[in-house]
Amino acid sequence: MNYWLLKSEPHVYSIDDLISEGEGVWDGVRNYQARNNLRAMLPGDLALFYHSNIGMEVVGLVEISASAFQDPTTDDNRWLAVGVKPVQKFAKPIPLKLLKADPFFEQLPLVRHSRLSVMPVDKAHFDAILALGNA
């Protein structure tokens with residue numbers, strides 16, 4: 001199993017939107033590195049859901065429900081999307097500033113490369129963030 005972090009602006013697509021849908025499509029990615037990360041995702045992988053720009057916090061957990069397919073928002077076959085299902089909304093969102101203040105997270109891609117919208121997360125960081133979200 002692999003672990004990921006998916007970023008979305010909450011006014012565009014929020015954790016509550018995904019929960020309302022029951023299952024969604026993670027689309028609209030237009031960065032090659034992020035696209036390559038989408039390509040590597042497999043059903044059953046888990047991802048942290050991060051609200052960017054407004055909030056700047058990890059707000060929940062999702063499961064990859066479908067591996068990469070042609071992004072339905074474009075005819076350009078270079079771009080991919082994946083299916084996602086909500087697993088849980090965190091009782092307590094984890095702010096980026098909290099992660100940045102903790103030396104344990106200094107190598108977390110969100111802290112090091114915060115502009116990338118789809119990124120891998122190692123198991124140790126994933127588990128620590130999950131514990132914070134469930135505290």
# chains A, B, ... in the order shown; residues from 1 in each chain; ligands from 1
call {"tool": "residues_around", "arguments": {"residues": "region 18-31 of chain A", "least_positions_apart": "5", "cutoff": "9 Å", "atoms": "only C-alpha atoms", "output": "MDAnalysis selection string"}}
result
chainID A and resid 6 13 36 38 65:66 71:74 79:89 116:118
call {"tool": "write_last_selection", "arguments": {"atoms": "N, CA and C atoms", "output": "mmCIF file, in the first residue's frame"}}
result
data_model
loop_
_atom_site.group_PDB
_atom_site.id
_atom_site.type_symbol
_atom_site.label_atom_id
_atom_site.label_comp_id
_atom_site.auth_asym_id
_atom_site.auth_seq_id
_atom_site.Cartn_x
_atom_site.Cartn_y
_atom_site.Cartn_z
ATOM 1 N N LEU A 6 -3.368 14.674 -1.138
ATOM 2 C CA LEU A 6 -4.075 15.348 -2.230
ATOM 3 C C LEU A 6 -4.514 16.721 -1.748
ATOM 4 N N TYR A 13 -13.291 22.210 -4.244
ATOM 5 C CA TYR A 13 -13.673 20.828 -3.921
ATOM 6 C C TYR A 13 -13.174 20.534 -2.516
ATOM 7 N N ASN A 36 2.365 12.188 -12.575
ATOM 8 C CA ASN A 36 3.088 10.930 -12.403
ATOM 9 C C ASN A 36 2.735 10.272 -11.075
ATOM 10 N N LEU A 38 -0.242 10.554 -9.646
ATOM 11 C CA LEU A 38 -1.568 9.974 -9.897
ATOM 12 C C LEU A 38 -1.425 8.630 -10.609
ATOM 13 N N SER A 65 -10.022 4.742 -5.093
ATOM 14 C CA SER A 65 -11.002 3.723 -5.487
ATOM 15 C C SER A 65 -10.828 3.259 -6.932
ATOM 16 N N ALA A 66 -10.135 4.047 -7.741
ATOM 17 C CA ALA A 66 -9.875 3.670 -9.134
ATOM 18 C C ALA A 66 -8.517 4.199 -9.536
ATOM 19 N N ASP A 71 -8.235 12.063 -17.695
ATOM 20 C CA ASP A 71 -8.925 13.125 -16.975
ATOM 21 C C ASP A 71 -10.133 13.573 -17.794
ATOM 22 N N PRO A 72 -11.334 13.462 -17.235
ATOM 23 C CA PRO A 72 -12.545 13.824 -17.988
ATOM 24 C C PRO A 72 -12.713 15.326 -18.214
ATOM 25 N N THR A 73 -11.857 16.153 -17.593
ATOM 26 C CA THR A 73 -11.994 17.602 -17.776
ATOM 27 C C THR A 73 -11.207 18.118 -18.967
ATOM 28 N N THR A 74 -10.532 17.210 -19.704
ATOM 29 C CA THR A 74 -9.753 17.632 -20.865
ATOM 30 C C THR A 74 -9.697 16.526 -21.909
ATOM 31 N N TRP A 79 -3.119 14.059 -19.408
ATOM 32 C CA TRP A 79 -3.569 14.323 -18.038
ATOM 33 C C TRP A 79 -4.455 13.213 -17.530
ATOM 34 N N LEU A 80 -4.268 12.876 -16.252
ATOM 35 C CA LEU A 80 -4.932 11.736 -15.628
ATOM 36 C C LEU A 80 -5.755 12.167 -14.432
ATOM 37 N N ALA A 81 -6.624 11.269 -14.023
ATOM 38 C CA ALA A 81 -7.436 11.437 -12.817
ATOM 39 C C ALA A 81 -7.484 10.081 -12.114
ATOM 40 N N VAL A 82 -7.919 10.072 -10.876
ATOM 41 C CA VAL A 82 -8.151 8.834 -10.128
ATOM 42 C C VAL A 82 -9.488 8.943 -9.417
ATOM 43 N N GLY A 83 -10.046 7.805 -9.061
ATOM 44 C CA GLY A 83 -11.255 7.779 -8.242
ATOM 45 C C GLY A 83 -10.884 7.828 -6.770
ATOM 46 N N VAL A 84 -11.689 8.532 -5.984
ATOM 47 C CA VAL A 84 -11.458 8.639 -4.543
ATOM 48 C C VAL A 84 -12.767 8.452 -3.777
ATOM 49 N N LYS A 85 -12.634 7.851 -2.591
ATOM 50 C CA LYS A 85 -13.773 7.676 -1.684
ATOM 51 C C LYS A 85 -13.395 8.236 -0.323
ATOM 52 N N PRO A 86 -14.336 8.886 0.345
ATOM 53 C CA PRO A 86 -14.022 9.380 1.695
ATOM 54 C C PRO A 86 -13.910 8.220 2.682
ATOM 55 N N VAL A 87 -12.975 8.335 3.594
ATOM 56 C CA VAL A 87 -12.848 7.378 4.688
ATOM 57 C C VAL A 87 -13.275 8.065 5.982
ATOM 58 N N GLN A 88 -12.709 9.255 6.235
ATOM 59 C CA GLN A 88 -13.115 10.007 7.426
ATOM 60 C C GLN A 88 -12.709 11.470 7.309
ATOM 61 N N LYS A 89 -13.511 12.288 7.916
ATOM 62 C CA LYS A 89 -13.170 13.695 8.112
ATOM 63 C C LYS A 89 -12.588 13.787 9.508
ATOM 64 N N LEU A 116 3.157 21.444 -4.759
ATOM 65 C CA LEU A 116 2.755 20.251 -5.496
ATOM 66 C C LEU A 116 1.402 19.757 -4.990
ATOM 67 N N SER A 117 0.475 19.479 -5.904
ATOM 68 C CA SER A 117 -0.904 19.164 -5.509
ATOM 69 C C SER A 117 -1.159 17.695 -5.208
ATOM 70 N N VAL A 118 -0.295 16.808 -5.675
ATOM 71 C CA VAL A 118 -0.428 15.374 -5.418
ATOM 72 C C VAL A 118 0.965 14.868 -5.070
#
call {"tool": "residues_around", "arguments": {"residues": "region 43-54 of chain A", "least_positions_apart": "2", "cutoff": "8 Å", "atoms": "only C-alpha atoms", "output": "mmCIF file with N, CA and C atoms, in the first residue's frame"}}
result
data_model
loop_
_atom_site.group_PDB
_atom_site.id
_atom_site.type_symbol
_atom_site.label_atom_id
_atom_site.label_comp_id
_atom_site.auth_asym_id
_atom_site.auth_seq_id
_atom_site.Cartn_x
_atom_site.Cartn_y
_atom_site.Cartn_z
ATOM 1 N N MET A 1 0.850 -1.180 0.000
ATOM 2 C CA MET A 1 0.000 0.000 0.000
ATOM 3 C C MET A 1 0.892 1.238 0.000
ATOM 4 N N ASN A 2 0.448 2.245 -0.740
ATOM 5 C CA ASN A 2 1.143 3.524 -0.789
ATOM 6 C C ASN A 2 0.293 4.593 -0.116
ATOM 7 N N TYR A 3 0.957 5.665 0.306
ATOM 8 C CA TYR A 3 0.293 6.755 1.008
ATOM 9 C C TYR A 3 0.563 8.052 0.261
ATOM 10 N N TRP A 4 -0.439 8.912 0.244
ATOM 11 C CA TRP A 4 -0.402 10.121 -0.577
ATOM 12 C C TRP A 4 -1.000 11.296 0.184
ATOM 13 N N LEU A 5 -0.838 12.470 -0.391
ATOM 14 C CA LEU A 5 -1.533 13.668 0.064
ATOM 15 C C LEU A 5 -2.089 14.359 -1.175
ATOM 16 N N LEU A 6 -3.368 14.674 -1.138
ATOM 17 C CA LEU A 6 -4.075 15.348 -2.230
ATOM 18 C C LEU A 6 -4.514 16.721 -1.748
ATOM 19 N N LYS A 7 -4.200 17.732 -2.544
ATOM 20 C CA LYS A 7 -4.541 19.107 -2.164
ATOM 21 C C LYS A 7 -5.659 19.646 -3.045
ATOM 22 N N SER A 8 -6.583 20.337 -2.417
ATOM 23 C CA SER A 8 -7.657 21.005 -3.137
ATOM 24 C C SER A 8 -8.046 22.278 -2.391
ATOM 25 N N GLU A 9 -8.375 23.293 -3.149
ATOM 26 C CA GLU A 9 -8.908 24.495 -2.525
ATOM 27 C C GLU A 9 -10.332 24.179 -2.076
ATOM 28 N N PRO A 10 -10.665 24.420 -0.805
ATOM 29 C CA PRO A 10 -11.968 23.995 -0.298
ATOM 30 C C PRO A 10 -13.158 24.654 -0.980
ATOM 31 N N SER A 14 -14.100 20.369 -1.596
ATOM 32 C CA SER A 14 -13.752 20.192 -0.182
ATOM 33 C C SER A 14 -13.987 18.750 0.256
ATOM 34 N N ILE A 15 -13.506 18.424 1.429
ATOM 35 C CA ILE A 15 -13.777 17.114 2.010
ATOM 36 C C ILE A 15 -15.279 16.911 2.164
ATOM 37 N N MET A 41 -0.810 5.646 -8.338
ATOM 38 C CA MET A 41 -1.817 5.281 -7.330
ATOM 39 C C MET A 41 -2.559 4.015 -7.727
ATOM 40 N N MET A 56 -5.399 25.822 4.782
ATOM 41 C CA MET A 56 -4.057 25.239 4.775
ATOM 42 C C MET A 56 -3.921 24.215 5.898
ATOM 43 N N GLU A 57 -4.730 23.141 5.789
ATOM 44 C CA GLU A 57 -4.751 22.128 6.829
ATOM 45 C C GLU A 57 -5.170 20.779 6.261
ATOM 46 N N VAL A 58 -4.669 19.717 6.885
ATOM 47 C CA VAL A 58 -5.078 18.364 6.544
ATOM 48 C C VAL A 58 -6.410 18.126 7.240
ATOM 49 N N VAL A 59 -7.431 17.747 6.451
ATOM 50 C CA VAL A 59 -8.780 17.686 7.001
ATOM 51 C C VAL A 59 -9.415 16.296 7.007
ATOM 52 N N GLY A 60 -8.760 15.323 6.361
ATOM 53 C CA GLY A 60 -9.373 14.015 6.346
ATOM 54 C C GLY A 60 -8.560 12.971 5.622
ATOM 55 N N LEU A 61 -9.180 11.824 5.482
ATOM 56 C CA LEU A 61 -8.561 10.652 4.891
ATOM 57 C C LEU A 61 -9.467 10.123 3.783
ATOM 58 N N VAL A 62 -8.854 9.778 2.643
ATOM 59 C CA VAL A 62 -9.597 9.201 1.521
ATOM 60 C C VAL A 62 -8.889 7.940 1.049
ATOM 61 N N GLU A 63 -9.633 7.119 0.333
ATOM 62 C CA GLU A 63 -9.087 5.907 -0.275
ATOM 63 C C GLU A 63 -9.128 6.057 -1.782
ATOM 64 N N ILE A 64 -8.087 5.614 -2.448
ATOM 65 C CA ILE A 64 -8.081 5.595 -3.911
ATOM 66 C C ILE A 64 -8.986 4.434 -4.326
ATOM 67 N N SER A 65 -10.022 4.742 -5.093
ATOM 68 C CA SER A 65 -11.002 3.723 -5.487
ATOM 69 C C SER A 65 -10.828 3.259 -6.932
ATOM 70 N N ALA A 66 -10.135 4.047 -7.741
ATOM 71 C CA ALA A 66 -9.875 3.670 -9.134
ATOM 72 C C ALA A 66 -8.517 4.199 -9.536
ATOM 73 N N SER A 67 -7.727 3.352 -10.181
ATOM 74 C CA SER A 67 -6.411 3.782 -10.636
ATOM 75 C C SER A 67 -6.551 4.781 -11.778
ATOM 76 N N PHE A 126 2.652 9.639 7.490
ATOM 77 C CA PHE A 126 1.222 9.371 7.316
ATOM 78 C C PHE A 126 0.599 8.983 8.657
#
call {"tool": "residues_around", "arguments": {"residues": "Leu110 (chain A)", "least_positions_apart": "3", "cutoff": "9 Å", "atoms": "only C-alpha atoms", "output": "number ranges by chain"}}
result
A: 5, 96, 99, 105, 107, 113-116, 119, 121
call {"tool": "atom_distance", "arguments": {"atom1": "CA of Phe90 (chain A)", "atom2": "CA of Asp17 (chain A)"}}
result
14.5 Å
call {"tool": "atom_distance", "arguments": {"atom1": "CA of Pro95 (chain A)", "atom2": "CA of Gly55 (chain A)"}}
result
7.4 Å
call {"tool": "residues_around", "arguments": {"residues": "Arg78 (chain A)", "least_positions_apart": "4", "cutoff": "9 Å", "atoms": "only C-alpha atoms", "output": "list in words"}}
result
Tyr32, Arg35, Gln70 and Asp71 of chain A
call {"tool": "residues_around", "arguments": {"residues": "Ile129 (chain A)", "least_positions_apart": "4", "cutoff": "8 Å", "atoms": "only C-alpha atoms", "output": "number ranges by chain"}}
result
A: 94, 125, 133
call {"tool": "select_by_dssp", "arguments": {"residues": "chain A", "states": "helix (DSSP H, G or I)", "output": "VMD selection string"}}
result
chain A and resid 15 to 21 32 to 40 96 to 101 103 to 105 109 to 112 123 to 133
call {"tool": "closest_residue", "arguments": {"among": "A:Lys92, A:Leu108, A:Leu132, A:Asp16", "to": "Pro120 (chain A)", "atoms": "only C-alpha atoms"}}
result
A:Leu108
call {"tool": "atom_distance", "arguments": {"atom1": "CA of Leu130 (chain A)", "atom2": "CA of Asp102 (chain A)"}}
result
15.1 Å
